[in-house]
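Below: one structure, written as structure tokens.
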Amino acid sequence: MARYNKPILLLISWLLAAVIIFGCEPDRQTAPEVTPVPTASPSPNATAVPPAPSPSIGESGDSQVKVPVASIAAGRIFDAAGYGSKPGLSFAIDRDGTAWHWGWGFNPPEGQVGPRRVAADRPVVQMTRSYLLTADGHVLKLGVKDQEKPQQVEGLTEIISIQQLDEMFGTLFALRKDGKVWYLPRETGKPLLFGNFSGVTAIYGTSFSLFVQEQSGKLWYAAGLSGDILKAENHTVLIQQGAATVAAGYEDEALIRMESGEVMHYRPREQKLAAEPRLAGAVNMAVAGEGTYLFTRQDGTVWGFGKDGDGLLGAGTGTVLDPVKVEGLSGIVGLEAGNHHALALDRQGRVYTWGRNMDGQLGRVPVILERWEDMGELPGVRKTVAAPGRPYFIMEDGTLRVMQPDRTTAAVQGAADLKDLHFVSGYPVTLDTAGRILLWEKDFASSKPLMLSYPVKEMAAGGDRLLLLDGRGELELVFVEQIAGTDGQAAAAAGATPAAGLVPAGAEKVPAEGGWTGRIRSLYGNPYVFMALTEDGKVFYADRSKEGGYLFRSVIGLNPVKELSVDDFVFHTAEPLQVWALEETGDLREIRLDMNMEWKKNTGKLEVLSVSPQVQPAHTREIARISGSLKVHKDGTADEDRYKIRLKAALPAPIKFISSFYDYNIEGPGLHYHVLVNAHNQISLLGYNPFGQTDPVPGRVLFR
């Protein structure tokens, strides 16, 4: 027998060698091989990518992907802190069944940037904020801490889809293979049957409610937005038959594609279901917050219409009625939207994000920088300006430069002879060396002068006000307001240019007794208070007089002060303000400003009625510089310790320039950072989200 088997064995060996040689070429630039993940049915609120074909010659982008992604999803949390905030979450499952997450609650204290791998002992097909659905149909609950191993949820087996409703206390709903829906009550922890549904093929969750699709195409709406989702009387039939897929937003607004291809638009508050012809031919659909709608077409491009407060439709588009193309995306096969951000998945398994980044949900720009990291060298800086979205640098020759996310700086065209720069409602306001105030459009596209009687010497901005010191030593408060731009499409049709910016809205003189205004060294402001520091180290604050106007008063109990910091504040609260005063001795004192505030219905804002300062004992000694609540010590270290902020940096050289920007919204730092320039002209950024809360340009997310 052996002599007959030998030729056969040789033939088999040759065949195997041929397969190895001709079938496995490691250097060939092809799309990665797909490792199939077993699943009973596709996850409704996670869009998946099909196996990637080999790219054609000339196809844009690299064809090899380190970690090709199979599906994406976005979490929807509304009012998480009780004040209307809508944090952002992002999820992805790669083709090996590994889960990744980034965004709200997922960034560790040390501030890793980008997606983080979720530890699981088996392949995953779907993920929510607190749960994983595995390929074998089990549900795992994530641990409180990242290092904790996910635990299997008892009683949930043969599951094919999960949805977590965050406004239902994070209640989990699970679709079983037999077409029944179960939910996991917070009180008992044991799964219970949900509703009187049968033959269910898909469930779609929002923050409050659930859309339930049966095999016949019947679509149910289990309302939790305005009632108890568990009660049968809140379960209504939206469509009797023919529903194919659903895309829903956090407040239950939904786009429903029928088997016929027609798309229906459901508005729950109006209880209205109507045809949406703008989505004819849409492949994937997504509903973002505040009335923004995104979809893909057959050619893989992404389009959208509606409101554009977060740049989801592109930079500066405003509200548009007809669909506009989202530039920079092609070959897209998956699309998801959170409350303020969007994710797109292309056929090669690459993920792109754009929109708001307050919680790091874009996963591709620095979120937390807590130690000195050299951002490059820039000689000739005269002043740094930590602005919303990026730092600016006023140069010694009066020109302006801006830092980009890639750490390069570029000249800002049009800005010249500058002395100072502030931002009001996101719009630049400059003071030039001739004493003129210019109100700019965003991105410094154009400007118009603020008409004043005398040249301005110093300027500070706070809220919708500018505090100006003129050459005569007189103070004036100028109110400005934002005018909305014309609708982009309407303006183009009329041959006009969309305009938006700041315009004057009134002014008042600010009296100051004692002739000290002629000795003012610098002015400071935030949305709640203005302060002044004189050349002899005296500190003054703006208070309201009994007649309602502003009046500057002296802060008593301080030694001569060389620096003030009033940048640190929290929006929408009446909490006392912490103002830091650095005395000439190097002692740091806190000036606590207790504010009597009143909610004004006509403006929808908290307005200060009066201010009461209290000087605290020396807080810290041996301080060289301050900015915001960041302290630069004489020993060459810098630190900040406040609420969720824990920064400590060793500085390579003494600091020449420093500035800070804070944008808090109840729950803590969302956009807050410091920009520093040292004696060697090196730049560093410390803090959170230095390159902004929004990015309207889709960018790639890297999975490492």
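Each chain in the structure tokens gets a letter, A, B and so on, in the order shown; residues start at 1 in every chain, and ligands are counted from 1 in the order they appear.
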
**Report entry** All residues 6 Å or closer to Leu593 in chain A, only C-alpha atoms, same chain fewer than 6 positions away omitted, as a PyMOL selection string
**Finding:** chain A and resi 576-577+612-613

Requested in this report: Quick one: everything within 6 Å of Val561 in chain A, counting only C-alpha atoms, minus sequence neighbours fewer than 2 positions away in the same chain. Send it as a list in words.
Outcome: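 After dropping sequence-adjacent residues, the list is Gly537, Glu563, Leu582, Glu583 and Glu584 of chain A.
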
Requested in this report: Would you mind listing what lies within 10 Å of range 424-434 of chain A as a PyMOL selection string, with only C-alpha atoms counted and same-chain residues fewer than 5 positions away left out?
Outcome: chain A and resi 387-389+398+415-419+439-444+447-450+455-466+468+480-482+500-502+527

Tell me, as a short mmCIF file (atom, residue, chain, number, x, y, z; two decimals) with N, CA, C and O atoms, in the first residue's frame, which residues lie within 12 Å of Leu230 in chain A, counting only C-alpha atoms; anything in the same chain fewer than 5 positions away does not count.
```cif
data_model
loop_
_atom_site.label_atom_id
_atom_site.label_comp_id
_atom_site.auth_asym_id
_atom_site.auth_seq_id
_atom_site.Cartn_x
_atom_site.Cartn_y
_atom_site.Cartn_z
N MET A 168 -34.53 55.33 30.84
CA MET A 168 -35.30 54.35 31.62
C MET A 168 -34.35 53.71 32.64
O MET A 168 -34.33 52.50 32.85
N THR A 171 -32.36 50.79 31.42
CA THR A 171 -33.03 49.50 31.27
C THR A 171 -32.63 48.82 29.96
O THR A 171 -32.61 49.43 28.91
N PHE A 173 -33.33 46.07 27.02
CA PHE A 173 -34.33 45.30 26.31
C PHE A 173 -33.60 44.34 25.38
O PHE A 173 -32.63 44.72 24.71
N VAL A 181 -39.62 39.66 23.24
CA VAL A 181 -38.79 40.73 23.78
C VAL A 181 -38.83 40.66 25.30
O VAL A 181 -39.90 40.53 25.91
N TRP A 182 -37.65 40.75 25.92
CA TRP A 182 -37.52 40.72 27.37
C TRP A 182 -36.84 42.00 27.84
O TRP A 182 -36.15 42.67 27.07
N TYR A 183 -37.08 42.33 29.09
CA TYR A 183 -36.39 43.49 29.65
C TYR A 183 -35.84 43.13 31.02
O TYR A 183 -36.28 42.19 31.67
N LEU A 184 -34.82 43.91 31.43
CA LEU A 184 -34.13 43.63 32.68
C LEU A 184 -34.44 44.75 33.68
O LEU A 184 -33.85 45.84 33.60
N PRO A 185 -35.38 44.53 34.60
CA PRO A 185 -35.73 45.59 35.56
C PRO A 185 -34.57 45.89 36.51
O PRO A 185 -33.81 44.99 36.88
N LEU A 192 -37.81 39.91 32.47
CA LEU A 192 -39.25 39.75 32.41
C LEU A 192 -39.71 39.95 30.97
O LEU A 192 -39.11 40.72 30.21
N LEU A 193 -40.79 39.27 30.61
CA LEU A 193 -41.34 39.40 29.26
C LEU A 193 -41.90 40.80 29.07
O LEU A 193 -42.59 41.34 29.93
N PHE A 194 -41.60 41.39 27.90
CA PHE A 194 -42.04 42.75 27.62
C PHE A 194 -43.11 42.75 26.53
O PHE A 194 -42.89 42.28 25.41
N GLY A 195 -44.27 43.30 26.87
CA GLY A 195 -45.32 43.52 25.89
C GLY A 195 -45.96 42.25 25.36
O GLY A 195 -45.57 41.12 25.69
N ASN A 196 -46.94 42.46 24.51
CA ASN A 196 -47.68 41.36 23.90
C ASN A 196 -47.30 41.26 22.43
O ASN A 196 -48.14 41.31 21.54
N PHE A 208 -35.65 56.97 25.37
CA PHE A 208 -36.85 56.81 26.18
C PHE A 208 -37.71 55.61 25.77
O PHE A 208 -38.42 55.06 26.60
N SER A 209 -37.70 55.26 24.49
CA SER A 209 -38.74 54.39 23.95
C SER A 209 -38.15 53.28 23.09
O SER A 209 -36.93 53.23 22.85
N LEU A 210 -39.05 52.43 22.59
CA LEU A 210 -38.65 51.30 21.78
C LEU A 210 -39.60 51.16 20.59
O LEU A 210 -40.82 51.29 20.72
N TYR A 221 -44.87 51.10 18.41
CA TYR A 221 -44.16 52.17 19.13
C TYR A 221 -44.50 52.03 20.61
O TYR A 221 -45.63 52.27 21.03
N ALA A 222 -43.51 51.58 21.39
CA ALA A 222 -43.68 51.47 22.84
C ALA A 222 -43.16 52.76 23.45
O ALA A 222 -41.95 52.96 23.59
N ALA A 223 -44.07 53.67 23.79
CA ALA A 223 -43.72 55.05 24.15
C ALA A 223 -43.27 55.16 25.60
O ALA A 223 -43.99 54.77 26.51
N GLY A 224 -42.10 55.71 25.77
CA GLY A 224 -41.62 56.05 27.11
C GLY A 224 -41.33 57.52 27.24
O GLY A 224 -41.01 58.01 28.32
N LEU A 225 -41.46 58.26 26.13
CA LEU A 225 -41.18 59.70 26.14
C LEU A 225 -42.19 60.46 26.98
O LEU A 225 -41.85 61.41 27.68
N HIS A 235 -48.46 51.13 24.10
CA HIS A 235 -47.93 50.42 22.94
C HIS A 235 -48.93 50.57 21.79
O HIS A 235 -50.05 50.07 21.86
#
```

Report task. Check the smallest atom-to-atom distance from each of A:Ala386, A:Val326, A:Ile239, A:Val615 to Tyr662 in chain A using only C-alpha atoms, then report the winner. Result ->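 Of all the options, A:Ala386 lies closest to Tyr662 in chain A.
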
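Distances to Thr245 in chain A were evaluated for A:Glu270, A:Glu214, A:Asp695, A:Asp94 using only C-alpha atoms, and the minimum falls at A:Glu214.
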
Query - Long-range neighbours of Gly97 in chain A as a ChimeraX atom specification, 6 Å cut-off, only C-alpha atoms, 4 positions minimum in chain - result: /A:93,123-124

Query - Residues of range 73-288 of chain A in strand (DSSP E or B), written as a VMD selection string - result: chain A and resid 73 to 76 88 to 94 99 to 103 116 to 117 124 to 127 131 to 134 139 to 141 151 to 152 159 to 165 171 to 176 181 to 184 192 to 193 200 to 205 210 to 214 219 to 222 235 to 239 243 to 248 254 to 258 263 to 267 272 to 275 285 to 288

Near range 616-619 of chain A, counting only C-alpha atoms, which residues have an atom at most 9 Å away, once you skip same-chain residues fewer than 4 positions from it, shown as a PDB file with all heavy atoms, in the first residue's frame?
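Output below, filename selection.pdb:
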```
ATOM      1  N   GLY A 557      -8.153  94.082  51.547  1.00  0.00           N
ATOM      2  CA  GLY A 557      -7.533  92.975  52.265  1.00  0.00           C
ATOM      3  C   GLY A 557      -6.458  92.249  51.502  1.00  0.00           C
ATOM      4  O   GLY A 557      -6.056  91.153  51.908  1.00  0.00           O
ATOM      5  N   ASP A 587       2.566  84.742  47.165  1.00  0.00           N
ATOM      6  CA  ASP A 587       1.427  84.115  47.825  1.00  0.00           C
ATOM      7  C   ASP A 587       0.207  84.178  46.914  1.00  0.00           C
ATOM      8  O   ASP A 587      -0.034  85.191  46.248  1.00  0.00           O
ATOM      9  CB  ASP A 587       1.102  84.819  49.145  1.00  0.00           C
ATOM     10  CG  ASP A 587       2.189  84.617  50.192  1.00  0.00           C
ATOM     11  OD1 ASP A 587       3.056  83.765  49.969  1.00  0.00           O
ATOM     12  OD2 ASP A 587       2.161  85.328  51.214  1.00  0.00           O
ATOM     13  N   LEU A 588      -0.564  83.090  46.906  1.00  0.00           N
ATOM     14  CA  LEU A 588      -1.773  83.023  46.083  1.00  0.00           C
ATOM     15  C   LEU A 588      -2.986  83.116  46.983  1.00  0.00           C
ATOM     16  O   LEU A 588      -3.152  82.324  47.916  1.00  0.00           O
ATOM     17  CB  LEU A 588      -1.802  81.715  45.295  1.00  0.00           C
ATOM     18  CG  LEU A 588      -2.951  81.544  44.301  1.00  0.00           C
ATOM     19  CD1 LEU A 588      -2.872  82.591  43.206  1.00  0.00           C
ATOM     20  CD2 LEU A 588      -2.933  80.145  43.699  1.00  0.00           C
ATOM     21  N   ARG A 589      -3.846  84.074  46.690  1.00  0.00           N
ATOM     22  CA  ARG A 589      -5.053  84.276  47.484  1.00  0.00           C
ATOM     23  C   ARG A 589      -6.281  84.027  46.626  1.00  0.00           C
ATOM     24  O   ARG A 589      -6.291  84.303  45.430  1.00  0.00           O
ATOM     25  CB  ARG A 589      -5.119  85.718  48.003  1.00  0.00           C
ATOM     26  CG  ARG A 589      -3.965  86.105  48.900  1.00  0.00           C
ATOM     27  CD  ARG A 589      -4.397  86.121  50.335  1.00  0.00           C
ATOM     28  NE  ARG A 589      -3.410  86.742  51.187  1.00  0.00           N
ATOM     29  CZ  ARG A 589      -3.706  87.530  52.200  1.00  0.00           C
ATOM     30  NH1 ARG A 589      -4.965  87.799  52.472  1.00  0.00           N
ATOM     31  NH2 ARG A 589      -2.763  88.026  52.957  1.00  0.00           N
ATOM     32  N   GLU A 590      -7.309  83.527  47.266  1.00  0.00           N
ATOM     33  CA  GLU A 590      -8.592  83.374  46.594  1.00  0.00           C
ATOM     34  C   GLU A 590      -9.499  84.536  46.969  1.00  0.00           C
ATOM     35  O   GLU A 590      -9.667  84.852  48.151  1.00  0.00           O
ATOM     36  CB  GLU A 590      -9.273  82.067  46.990  1.00  0.00           C
ATOM     37  CG  GLU A 590     -10.650  81.902  46.369  1.00  0.00           C
ATOM     38  CD  GLU A 590     -11.421  80.729  46.944  1.00  0.00           C
ATOM     39  OE1 GLU A 590     -10.808  79.882  47.621  1.00  0.00           O
ATOM     40  OE2 GLU A 590     -12.652  80.674  46.726  1.00  0.00           O
ATOM     41  N   ILE A 591     -10.063  85.170  45.960  1.00  0.00           N
ATOM     42  CA  ILE A 591     -11.124  86.163  46.170  1.00  0.00           C
ATOM     43  C   ILE A 591     -12.427  85.456  45.828  1.00  0.00           C
ATOM     44  O   ILE A 591     -12.694  85.148  44.668  1.00  0.00           O
ATOM     45  CB  ILE A 591     -10.940  87.404  45.283  1.00  0.00           C
ATOM     46  CG1 ILE A 591      -9.553  88.005  45.462  1.00  0.00           C
ATOM     47  CG2 ILE A 591     -12.025  88.430  45.582  1.00  0.00           C
ATOM     48  CD1 ILE A 591      -9.247  89.122  44.489  1.00  0.00           C
ATOM     49  N   ARG A 592     -13.197  85.176  46.836  1.00  0.00           N
ATOM     50  CA  ARG A 592     -14.474  84.496  46.626  1.00  0.00           C
ATOM     51  C   ARG A 592     -15.539  85.555  46.345  1.00  0.00           C
ATOM     52  O   ARG A 592     -15.783  86.442  47.160  1.00  0.00           O
ATOM     53  CB  ARG A 592     -14.849  83.679  47.856  1.00  0.00           C
ATOM     54  CG  ARG A 592     -16.213  83.041  47.779  1.00  0.00           C
ATOM     55  CD  ARG A 592     -16.527  82.314  49.056  1.00  0.00           C
ATOM     56  NE  ARG A 592     -17.934  81.920  49.097  1.00  0.00           N
ATOM     57  CZ  ARG A 592     -18.369  80.716  49.420  1.00  0.00           C
ATOM     58  NH1 ARG A 592     -17.502  79.785  49.746  1.00  0.00           N
ATOM     59  NH2 ARG A 592     -19.647  80.445  49.440  1.00  0.00           N
TER      60      ARG A 592
END
```

Requested in this report: Please provide as a PyMOL selection string all residues within 12 Å of Val351 in chain A, with the sequence filter that same-chain residues fewer than 4 positions apart are discarded (counting only C-alpha atoms).
Outcome: chain A and resi 47-49+65-73+90-94+100+114-115+329-336+342-347+362-364+698-703

**Report entry** Å distance separating CA of His341 in chain A from CA of Tyr250 in chain A, one decimal place
**Finding:**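 According to the coordinates, CA of His341 in chain A and CA of Tyr250 in chain A are separated by 12.3 Å.
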
Report summary line: Across A:Ile520, A:Ala99, A:Leu477, A:Ala650, the smallest distance to Asp121 in chain A, with only C-alpha atoms counted, is shown by A:Ala99

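Taking CA of Val320 in chain A and CA of Ala275 in chain A as endpoints, the distance between them is 18.4 Å.
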
Query raised in the report: Suppose you want the space between CA of Thr201 in chain A and CA of Glu259 in chain A; what is it in Å?
Result: 14.3 Å
